[in-house]
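Peer 1: I'm passing along data25.tsv; it holds TSV, C-alpha atoms and all ligand atoms.
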```tsv
chain	number	residue	atom	x	y	z
B	90	MET	CA	89.81	32.17	142.77
B	91	LYS	CA	86.99	34.36	144.02
B	92	LEU	CA	85.38	32.07	146.62
B	93	ASP	CA	86.82	31.14	150.01
B	94	ILE	CA	87.19	27.56	151.16
B	95	GLN	CA	84.10	27.67	153.40
B	96	THR	CA	81.90	28.87	150.54
B	97	ILE	CA	83.27	26.16	148.24
B	98	ALA	CA	82.55	23.50	150.89
B	99	ALA	CA	79.02	24.88	151.47
B	100	LEU	CA	78.22	24.93	147.73
B	101	ALA	CA	79.53	21.38	147.29
B	102	GLU	CA	77.34	20.23	150.18
B	103	ARG	CA	74.32	22.05	148.72
B	104	LEU	CA	74.75	20.45	145.29
B	105	GLU	CA	75.52	16.99	146.61
B	106	ASN	CA	72.55	17.10	148.97
B	107	CYS	CA	70.34	17.93	145.98
B	108	GLN	CA	71.65	14.78	144.32
B	109	LEU	CA	71.22	12.60	147.43
B	110	ARG	CA	67.72	13.96	148.21
B	111	GLN	CA	66.42	14.28	144.63
B	112	GLN	CA	65.82	18.00	145.06
B	113	ASP	CA	66.57	20.69	142.53
B	114	THR	CA	68.03	24.13	143.16
B	115	THR	CA	68.66	27.41	141.41
B	116	LYS	CA	72.01	27.83	139.70
B	117	ILE	CA	74.79	28.81	142.07
B	118	THR	CA	76.00	31.73	139.93
B	119	ASP	CA	72.73	33.47	140.85
B	120	ASP	CA	74.23	33.75	144.35
B	121	TYR	CA	77.91	34.03	143.36
B	122	PRO	CA	77.98	35.80	139.96
B	123	ASP	CA	81.72	36.52	140.26
B	124	MET	CA	82.85	32.93	140.78
B	125	ASP	CA	85.48	31.80	138.27
B	126	TRP	CA	86.43	28.54	136.54
B	127	ASP	CA	88.82	27.54	139.32
B	128	ASP	CA	86.01	27.99	141.84
B	129	ALA	CA	83.70	25.85	139.69
B	130	TYR	CA	86.20	22.96	139.44
B	131	ALA	CA	87.10	23.37	143.15
B	132	ILE	CA	83.41	22.79	144.03
B	133	GLN	CA	83.36	19.71	141.77
B	134	ASP	CA	86.60	18.48	143.46
B	135	GLU	CA	85.00	18.95	146.86
B	136	ILE	CA	81.98	16.88	145.79
B	137	ARG	CA	84.43	14.16	144.69
B	138	ARG	CA	86.23	14.39	148.05
B	139	ARG	CA	82.93	13.99	149.90
B	140	LYS	CA	82.02	10.88	147.87
B	141	LEU	CA	85.46	9.29	148.37
B	142	ALA	CA	85.23	9.98	152.11
B	143	ARG	CA	81.96	8.00	152.13
B	144	GLY	CA	83.69	5.03	150.49
B	145	ASN	CA	82.77	5.58	146.84
B	146	ARG	CA	85.42	5.03	144.16
B	147	VAL	CA	85.99	7.10	141.02
B	148	ILE	CA	85.57	4.64	138.13
B	149	GLY	CA	85.35	6.94	135.14
B	150	LEU	CA	85.75	10.38	133.65
B	151	LYS	CA	83.54	12.28	131.24
B	152	ALA	CA	83.57	15.05	128.71
B	153	GLY	CA	80.29	16.88	128.25
B	154	LEU	CA	78.82	19.46	125.90
B	155	THR	CA	81.13	18.18	123.16
B	156	SER	CA	78.64	18.21	120.28
B	157	HIS	CA	77.05	21.15	118.50
B	158	ALA	CA	73.63	19.59	119.19
B	159	LYS	CA	74.29	19.58	122.95
B	160	MET	CA	75.89	23.03	122.91
B	161	LYS	CA	72.86	24.39	121.04
B	162	GLN	CA	70.45	22.57	123.36
B	163	MET	CA	72.11	24.10	126.41
B	164	GLY	CA	73.03	27.49	124.86
B	165	VAL	CA	76.79	27.16	125.58
B	166	SER	CA	79.99	26.91	123.52
B	167	THR	CA	82.68	25.07	125.53
B	168	PRO	CA	83.14	21.43	126.63
B	169	VAL	CA	83.12	20.62	130.33
B	170	PHE	CA	84.62	17.72	132.29
B	171	GLY	CA	83.54	15.59	135.22
B	172	PHE	CA	83.91	12.25	136.99
B	173	MET	CA	81.79	9.15	137.66
B	174	THR	CA	81.78	7.07	140.84
B	175	ASP	CA	80.99	3.39	141.26
B	176	ASP	CA	77.42	4.07	142.41
B	177	TYR	CA	76.70	5.66	139.00
B	178	ALA	CA	77.38	2.42	137.10
B	179	VAL	CA	74.40	0.40	135.85
B	180	PRO	CA	75.04	-3.09	134.45
B	181	ASP	CA	74.35	-3.54	130.74
B	182	GLY	CA	70.60	-4.12	130.38
B	183	GLY	CA	70.14	-3.27	134.04
B	184	GLU	CA	67.71	-1.12	135.99
B	185	CYS	CA	68.00	2.49	137.08
B	186	LYS	CA	65.64	3.57	139.86
B	187	PHE	CA	63.82	6.64	138.57
B	188	SER	CA	62.90	7.86	142.05
B	189	ASP	CA	66.64	8.18	142.88
B	190	LEU	CA	66.87	10.91	140.23
B	191	ILE	CA	65.31	14.35	139.68
B	192	HIS	CA	64.58	14.70	135.93
B	193	PRO	CA	66.94	12.35	134.06
B	194	LYS	CA	67.85	12.49	130.38
B	195	VAL	CA	69.89	10.02	128.32
B	196	GLU	CA	72.73	10.68	125.92
B	197	PRO	CA	74.22	8.35	123.28
B	198	GLU	CA	78.00	8.30	123.63
B	199	ILE	CA	81.17	6.47	122.59
B	200	ALA	CA	83.10	5.24	125.64
B	201	PHE	CA	86.89	4.89	125.55
B	202	VAL	CA	89.01	2.61	127.73
B	203	THR	CA	92.69	3.53	127.81
B	204	LYS	CA	95.75	1.28	128.04
B	205	ALA	CA	98.35	4.03	128.53
B	206	GLU	CA	98.50	7.29	130.45
B	207	LEU	CA	97.41	10.44	128.61
B	208	ARG	CA	98.94	13.68	129.82
B	209	GLY	CA	98.44	17.16	128.39
B	210	PRO	CA	99.31	19.74	127.25
B	211	GLY	CA	99.73	18.84	123.61
B	212	CYS	CA	97.52	15.76	123.66
B	213	HIS	CA	95.84	15.20	120.26
B	214	ILE	CA	93.64	12.67	118.46
B	215	GLY	CA	96.70	10.60	117.49
B	216	SER	CA	97.92	10.27	121.08
B	217	VAL	CA	94.42	9.30	122.20
B	218	LEU	CA	94.04	6.61	119.53
B	219	ALA	CA	97.51	5.21	120.39
B	220	ALA	CA	96.56	5.08	124.08
B	221	THR	CA	93.09	3.55	123.57
B	222	ASP	CA	92.59	-0.10	124.44
B	223	PHE	CA	89.05	-0.27	123.04
B	224	VAL	CA	85.88	1.74	122.45
B	225	LEU	CA	82.31	0.64	123.14
B	226	PRO	CA	78.74	2.00	123.26
B	227	GLY	CA	77.77	3.99	126.34
B	228	ILE	CA	74.56	5.68	127.52
B	229	GLU	CA	75.04	8.51	129.98
B	230	VAL	CA	72.15	9.42	132.28
B	231	ILE	CA	72.45	13.09	133.15
B	232	ASP	CA	70.39	14.64	135.93
B	233	SER	CA	71.19	18.30	136.48
B	234	ARG	CA	70.63	19.37	140.02
B	235	TYR	CA	69.48	22.73	138.62
B	236	ARG	CA	65.80	23.48	138.17
B	237	ASP	CA	64.62	22.69	134.63
B	238	PHE	CA	68.25	22.09	133.51
B	239	LYS	CA	68.74	25.88	133.59
B	240	PHE	CA	72.36	26.74	134.26
B	241	ASP	CA	75.48	28.42	132.92
B	242	LEU	CA	78.80	26.67	132.34
B	243	LYS	CA	80.36	27.45	135.72
B	244	SER	CA	77.28	26.23	137.56
B	245	VAL	CA	77.22	22.99	135.56
B	246	VAL	CA	80.94	22.34	136.13
B	247	ALA	CA	80.40	22.76	139.88
B	248	ASP	CA	77.53	20.24	139.60
B	249	ASN	CA	79.93	17.63	138.17
B	250	THR	CA	78.48	18.21	134.68
B	251	SER	CA	75.11	16.68	135.65
B	252	ALA	CA	76.67	13.20	135.95
B	253	ALA	CA	74.24	10.70	137.49
B	254	ARG	CA	74.37	7.19	135.97
B	255	PHE	CA	75.87	5.40	132.96
B	256	VAL	CA	75.86	2.05	131.24
B	257	VAL	CA	78.39	0.63	128.79
B	258	GLY	CA	78.22	-2.62	126.87
B	259	GLY	CA	77.94	-4.15	123.44
B	260	GLN	CA	80.98	-5.28	121.50
B	261	PRO	CA	84.24	-3.53	122.46
B	262	MET	CA	86.22	-2.57	119.35
B	263	CYS	CA	89.87	-1.83	118.79
B	264	VAL	CA	90.13	1.69	117.32
B	265	ALA	CA	92.06	0.31	114.32
B	266	GLY	CA	88.86	-1.47	113.27
B	267	VAL	CA	86.51	1.50	113.19
B	268	ASP	CA	86.38	5.05	111.78
B	269	LEU	CA	85.01	6.88	114.80
B	270	ARG	CA	84.01	9.88	112.65
B	271	THR	CA	81.61	7.98	110.43
B	272	VAL	CA	80.41	5.35	112.88
B	273	GLY	CA	76.62	5.60	113.07
B	274	ILE	CA	74.43	5.44	116.15
B	275	VAL	CA	70.71	4.96	116.78
B	276	MET	CA	69.19	5.41	120.22
B	277	GLU	CA	65.77	3.86	120.82
B	278	LYS	CA	63.27	4.57	123.57
B	279	ASN	CA	60.73	1.78	124.06
B	280	GLY	CA	61.61	0.39	120.63
B	281	GLN	CA	61.16	3.72	118.80
B	282	PRO	CA	64.24	5.45	117.34
B	283	VAL	CA	64.59	8.83	119.10
B	284	ALA	CA	68.12	9.95	118.16
B	285	PHE	CA	70.46	9.33	115.21
B	286	GLY	CA	73.97	10.52	114.58
B	287	ALA	CA	77.59	9.80	113.77
B	288	GLY	CA	80.77	10.09	115.81
B	289	ALA	CA	81.93	13.24	114.03
B	290	ALA	CA	79.18	15.16	115.86
B	291	VAL	CA	81.55	15.11	118.87
B	292	LEU	CA	84.17	17.79	118.13
B	293	GLY	CA	84.73	16.31	114.64
B	294	HIS	CA	86.09	13.07	116.17
B	295	PRO	CA	85.21	11.57	119.58
B	296	ALA	CA	88.94	11.15	120.36
B	297	ALA	CA	89.21	14.97	120.27
B	298	ALA	CA	87.01	15.08	123.38
B	299	ILE	CA	89.40	12.72	125.20
B	300	ALA	CA	92.36	14.87	124.09
B	301	ALA	CA	90.56	17.98	125.37
B	302	LEU	CA	90.05	16.23	128.73
B	303	ALA	CA	93.76	15.27	128.90
B	304	ASN	CA	94.76	18.86	128.11
B	305	HIS	CA	92.31	20.21	130.69
B	306	LEU	CA	93.71	17.85	133.36
B	307	GLY	CA	97.28	18.64	132.27
B	308	ALA	CA	96.70	22.32	133.02
B	309	ARG	CA	95.82	21.19	136.56
B	310	GLY	CA	98.86	18.89	136.90
B	311	GLU	CA	96.69	15.79	136.48
B	312	CYS	CA	96.42	13.11	133.80
B	313	ILE	CA	94.15	10.37	132.47
B	314	PRO	CA	95.64	7.18	133.99
B	315	ALA	CA	95.96	3.97	131.98
B	316	GLY	CA	92.86	1.82	132.36
B	317	SER	CA	90.45	4.76	132.52
B	318	LEU	CA	86.88	4.57	131.25
B	319	ILE	CA	85.88	7.88	129.65
B	320	LEU	CA	82.58	9.00	128.14
B	321	SER	CA	83.34	11.28	125.20
B	322	GLY	CA	80.07	13.24	125.21
B	323	GLY	CA	76.57	13.05	123.77
B	324	ILE	CA	76.44	12.64	119.97
B	325	THR	CA	72.91	14.10	119.90
B	326	GLU	CA	70.73	16.19	122.13
B	327	ALA	CA	69.80	14.55	125.44
B	328	VAL	CA	66.43	12.74	125.54
B	329	SER	CA	64.13	12.88	128.58
B	330	VAL	CA	63.04	9.61	130.17
B	331	GLN	CA	60.33	8.51	132.59
B	332	ALA	CA	59.85	5.49	134.85
B	333	GLY	CA	59.02	2.50	132.66
B	334	ASP	CA	61.18	3.62	129.75
B	335	ASN	CA	63.61	1.20	128.15
B	336	VAL	CA	66.52	2.84	126.28
B	337	THR	CA	68.84	1.04	123.84
B	338	LEU	CA	71.84	2.50	122.06
B	339	ARG	CA	73.02	0.73	118.90
B	340	VAL	CA	76.43	1.68	117.55
B	341	GLN	CA	77.56	0.48	114.12
B	342	SER	CA	79.95	-2.52	114.46
B	343	MET	CA	79.83	-2.27	118.28
B	344	GLY	CA	76.48	-3.86	119.12
B	345	SER	CA	74.17	-2.32	121.69
B	346	THR	CA	73.79	-1.42	125.33
B	347	SER	CA	70.57	-0.72	127.21
B	348	ILE	CA	69.11	0.55	130.45
B	349	ARG	CA	65.62	0.39	132.01
B	350	PHE	CA	64.10	3.07	134.22
B	351	VAL	CA	61.97	1.49	136.93
B	401	LIG	O1	77.36	15.03	129.52
B	401	LIG	C1	76.92	16.10	129.12
B	401	LIG	O2	77.06	16.51	127.94
B	401	LIG	C2	76.15	16.97	130.07
B	401	LIG	C3	76.94	18.12	130.48
B	401	LIG	C4	76.14	18.98	131.38
B	401	LIG	C5	75.03	19.71	130.70
B	401	LIG	C6	73.71	19.02	130.81
B	401	LIG	O3	73.24	18.74	131.92
B	401	LIG	O4	73.10	18.81	129.78
B	402	MG	MG	77.29	13.17	128.49
```
Would you write out, as C-alpha cells, the structure that this file holds?

Peer 2:
Amino acid sequence: MKLDIQTIAALAERLENCQLRQQDTTKITDDYPDMDWDDAYAIQDEIRRRKLARGNRVIGLKAGLTSHAKMKQMGVSTPVFGFMTDDYAVPDGGECKFSDLIHPKVEPEIAFVTKAELRGPGCHIGSVLAATDFVLPGIEVIDSRYRDFKFDLKSVVADNTSAARFVVGGQPMCVAGVDLRTVGIVMEKNGQPVAFGAGAAVLGHPAAAIAALANHLGARGECIPAGSLILSGGITEAVSVQAGDNVTLRVQSMGSTSIRFV
C-alpha cells in the first residue's frame, strides 16, 4: 500500500461526503497518482465501515464494468467490485428521489441470489450456477461522485464503483430454467426502448461476473456468503436519467422491474 491510514480515512470521508451532500469532486488519483489497488479497496472498505457505524446494513454486492459496452463507455478494461447498503434499495416500481443524487444513470442487470457460500480462488461459472438460488431482473442506479463521470479504475473502486441505488423484481427464475447467455433484455425510459442486449454481453455469461467477484474476495480472505444478492453488471451502456423519468427493465422469461425518478 502507498497511502497511510489517515489519508485513506480522509479520502473515504471526502467521497462519502460527496455522496451525502450531492456534490461532485475531481478524481482522487489526481492528488494521489501513486495509490495502488489495495489503497483503492481500503478506501472503499472505510466507506463501508462508516456506513455500518451509522447503522446501515450491507444487503448486496456488485460487479461493475463487466461488459464490453460499459468498458468502452468508460475507457477501461477490468471489472470492479463494490457493495450496496440497505438505504440503496428501492422497492420494485418505487420512487427514487432525484435530488438525493448527483447525475444518476441506470444500468440493466441480471441479479443473482445465492443459496450456498462461494469462495475463491478457483470459482467458475459451474460453481456459481450450483450455488445460485434464483436470478431476477435488476436495475442499478449509478451516481459517480466524480465530476462528469471522469475517473480511472482506482478512483472508481475507492468510490464504491459508483453504487447509489438499485431495484430488483419481476419473476425470479431458477438458473436451470434459463440460458443466461441468450436471455434478452429491453430497458425502456418513459415507454421508449433505450437499451437492448443479451446476458452474454457480461463477460460471456453473467455467472462469470459472480465468479470473478468470488475470486476477488478470495484473494482478500473473504467470500460471498449464502443468501447474498449480487448485481452482475450492466449488459449495455448506462443511460442518463432526469427527475420525472420512469425506467422499466424487461428480461426474457423473468418479467420486469421498474423505478421512477421524482
Ligand atoms: O456498475 C457499474 O458497472 C459501474 C461501475 C463504475 C463505473 C461507472 O460509474 O460507470
Ligand atoms: Mg452496475

Peer 1: Got a sec: who's within 12 Å of Val283 of chain B, counting only C-alpha atoms, leaving out chain neighbours fewer than 4 positions off, as a PDB file with C-alpha atoms, in the coordinates of the input?

Peer 2:
```pdb
ATOM      1  CA  VAL B 195      69.890  10.020 128.320  1.00  0.00           C
ATOM      2  CA  GLU B 196      72.730  10.680 125.920  1.00  0.00           C
ATOM      3  CA  PRO B 197      74.220   8.350 123.280  1.00  0.00           C
ATOM      4  CA  ILE B 274      74.430   5.440 116.150  1.00  0.00           C
ATOM      5  CA  VAL B 275      70.710   4.960 116.780  1.00  0.00           C
ATOM      6  CA  MET B 276      69.190   5.410 120.220  1.00  0.00           C
ATOM      7  CA  GLU B 277      65.770   3.860 120.820  1.00  0.00           C
ATOM      8  CA  LYS B 278      63.270   4.570 123.570  1.00  0.00           C
ATOM      9  CA  ASN B 279      60.730   1.780 124.060  1.00  0.00           C
ATOM     10  CA  THR B 325      72.910  14.100 119.900  1.00  0.00           C
ATOM     11  CA  GLU B 326      70.730  16.190 122.130  1.00  0.00           C
ATOM     12  CA  ALA B 327      69.800  14.550 125.440  1.00  0.00           C
ATOM     13  CA  VAL B 328      66.430  12.740 125.540  1.00  0.00           C
ATOM     14  CA  SER B 329      64.130  12.880 128.580  1.00  0.00           C
ATOM     15  CA  VAL B 330      63.040   9.610 130.170  1.00  0.00           C
ATOM     16  CA  ASN B 335      63.610   1.200 128.150  1.00  0.00           C
ATOM     17  CA  VAL B 336      66.520   2.840 126.280  1.00  0.00           C
ATOM     18  CA  THR B 337      68.840   1.040 123.840  1.00  0.00           C
ATOM     19  CA  LEU B 338      71.840   2.500 122.060  1.00  0.00           C
ATOM     20  CA  ARG B 339      73.020   0.730 118.900  1.00  0.00           C
TER      21      ARG B 339
END
```

Peer 1: Figure out the distance between atom CA of Arg110 of chain B and atom CA of Phe172 of chain B, please, to one decimal in Å.

Peer 2: 19.8 Å

Peer 1: If we count only C-alpha atoms and set the cut-off at 12 Å, which residues sit around Ile117 of chain B, ignoring sequence neighbours fewer than 5 positions away in its own chain? Please answer as a list in words.

Peer 2: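 The residues that qualify are Leu92, Thr96, Ile97, Ala99, Leu100, Ala101, Arg103, Leu104, Pro122, Asp123, Met124, Asp125, Asp128, Ala129, Ile132, Arg234, Tyr235, Arg236, Lys239, Phe240, Asp241, Leu242, Lys243, Ser244, Val245, Val246, Ala247 and Asp248 of chain B.
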
Peer 1: Please build the interface table for chain B against ligand MG 402 (chain B) with a cut-off of 8 Å, listing for each qualifying residue the nearest atom pair and the distance in Å to one decimal; count all atoms listed in the file, order rows by chain and increasing number, and write it as a tab-separated table.

Peer 2:
```
residue	atom	partner	partner_atom	distance
B:Lys151	CA	B:MG402	MG	6.9
B:Ala152	CA	B:MG402	MG	6.6
B:Gly153	CA	B:MG402	MG	4.8
B:Leu154	CA	B:MG402	MG	7.0
B:Glu196	CA	B:MG402	MG	5.8
B:Pro197	CA	B:MG402	MG	7.7
B:Glu198	CA	B:MG402	MG	6.9
B:Glu229	CA	B:MG402	MG	5.4
B:Val230	CA	B:MG402	MG	7.4
B:Ile231	CA	B:MG402	MG	6.7
B:Ala252	CA	B:MG402	MG	7.5
B:Leu320	CA	B:MG402	MG	6.7
B:Ser321	CA	B:MG402	MG	7.1
B:Gly322	CA	B:MG402	MG	4.3
B:Gly323	CA	B:MG402	MG	4.8
```

Peer 1: Could you take the residues named above and write them with C-alpha atoms, as an mmCIF file, in the frame of the given file?

Peer 2:
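Below is the file result_14.cif, written as the result:
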```
data_model
loop_
_atom_site.group_PDB
_atom_site.id
_atom_site.type_symbol
_atom_site.label_atom_id
_atom_site.label_comp_id
_atom_site.auth_asym_id
_atom_site.auth_seq_id
_atom_site.Cartn_x
_atom_site.Cartn_y
_atom_site.Cartn_z
ATOM 1 C CA LYS B 151 83.540 12.280 131.240
ATOM 2 C CA ALA B 152 83.570 15.050 128.710
ATOM 3 C CA GLY B 153 80.290 16.880 128.250
ATOM 4 C CA LEU B 154 78.820 19.460 125.900
ATOM 5 C CA GLU B 196 72.730 10.680 125.920
ATOM 6 C CA PRO B 197 74.220 8.350 123.280
ATOM 7 C CA GLU B 198 78.000 8.300 123.630
ATOM 8 C CA GLU B 229 75.040 8.510 129.980
ATOM 9 C CA VAL B 230 72.150 9.420 132.280
ATOM 10 C CA ILE B 231 72.450 13.090 133.150
ATOM 11 C CA ALA B 252 76.670 13.200 135.950
ATOM 12 C CA LEU B 320 82.580 9.000 128.140
ATOM 13 C CA SER B 321 83.340 11.280 125.200
ATOM 14 C CA GLY B 322 80.070 13.240 125.210
ATOM 15 C CA GLY B 323 76.570 13.050 123.770
#
```

Peer 1: Taking only C-alpha atoms into account, which of B:Phe187, B:Thr174, B:Lys194, B:Ala315 comes nearest Ala219 of chain B?

Peer 2: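 The shortest atom-to-atom distance to Ala219 of chain B comes from B:Ala315.
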
Peer 1: What does the distance between atom CA of Asp237 of chain B and atom CA of Thr346 of chain B come to in Å, to one decimal place?

Peer 2: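 It comes out at 27.4 Å.
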
Peer 1: Write out as a PyMOL selection string which residues come within 6 Å of Pro226 of chain B when counting only C-alpha atoms, dropping same-chain ones fewer than 5 positions away.

Peer 2: chain B and resi 199-200+257-258

Peer 1: Choose the residue, out of B:Val202, B:Val224, B:Val169, B:Ala253, that has the smallest atom-to-atom separation from Cys107 of chain B; count all atoms listed in the file.

Peer 2: B:Ala253

Peer 1: Would you work out the distance separating atom CA of Asp222 of chain B from atom CA of Ile299 of chain B, expressed in Å to one decimal?

Peer 2: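 The value is 13.2 Å.
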
Peer 1: Which of these residues is nearest to ligand LIG 401 (chain B), using all atoms listed in the file: B:Arg208, B:Arg254, B:Arg137, B:Arg146?

Peer 2: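 Closest candidate: B:Arg254.
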
Peer 1: Restricting the calculation to only C-alpha atoms, which member of B:Gln95, B:Gln341, B:Thr250, B:Thr203 is positioned closest to Gln133 of chain B?

Peer 2: B:Thr250

Peer 1: Which of these residues is nearest to Ala290 of chain B, using only C-alpha atoms: B:Gln112, B:Ser156, B:Gln260, B:Ser345?

Peer 2: B:Ser156

Peer 1: When you look at Asp175 of chain B with a cut-off of 10 Å (counting all atoms listed in the file), what residues show up, excluding the ones that are within fewer than 5 positions of it in the same chain? I need them as a ChimeraX atom specification.

Peer 2: /B:144-149,254-255

Peer 1: Check the smallest atom-to-atom distance from each of B:Gly266, B:Gly310, B:Gly164, B:Pro210 to ligand LIG 401 (chain B) using only C-alpha atoms and all ligand atoms, then report the winner.

Peer 2: B:Gly164

Peer 1: Report the centre and edge lengths, in Å to one decimal, of an axis-aligned box enclosing every atom of ligand LIG 401 (chain B) listed in the file, padded by 4 Å on each side, as JSON.

Peer 2:
```
{"center_x": 75.2, "center_y": 17.4, "center_z": 129.9, "size_x": 12.3, "size_y": 12.7, "size_z": 12.0}
```

Peer 1: Neighbours of Ile313 of chain B within 7 Å (only C-alpha atoms; same-chain residues fewer than 5 positions away dropped), as JSON, numbers by chain?

Peer 2: {"B": [206, 207, 208, 303]}
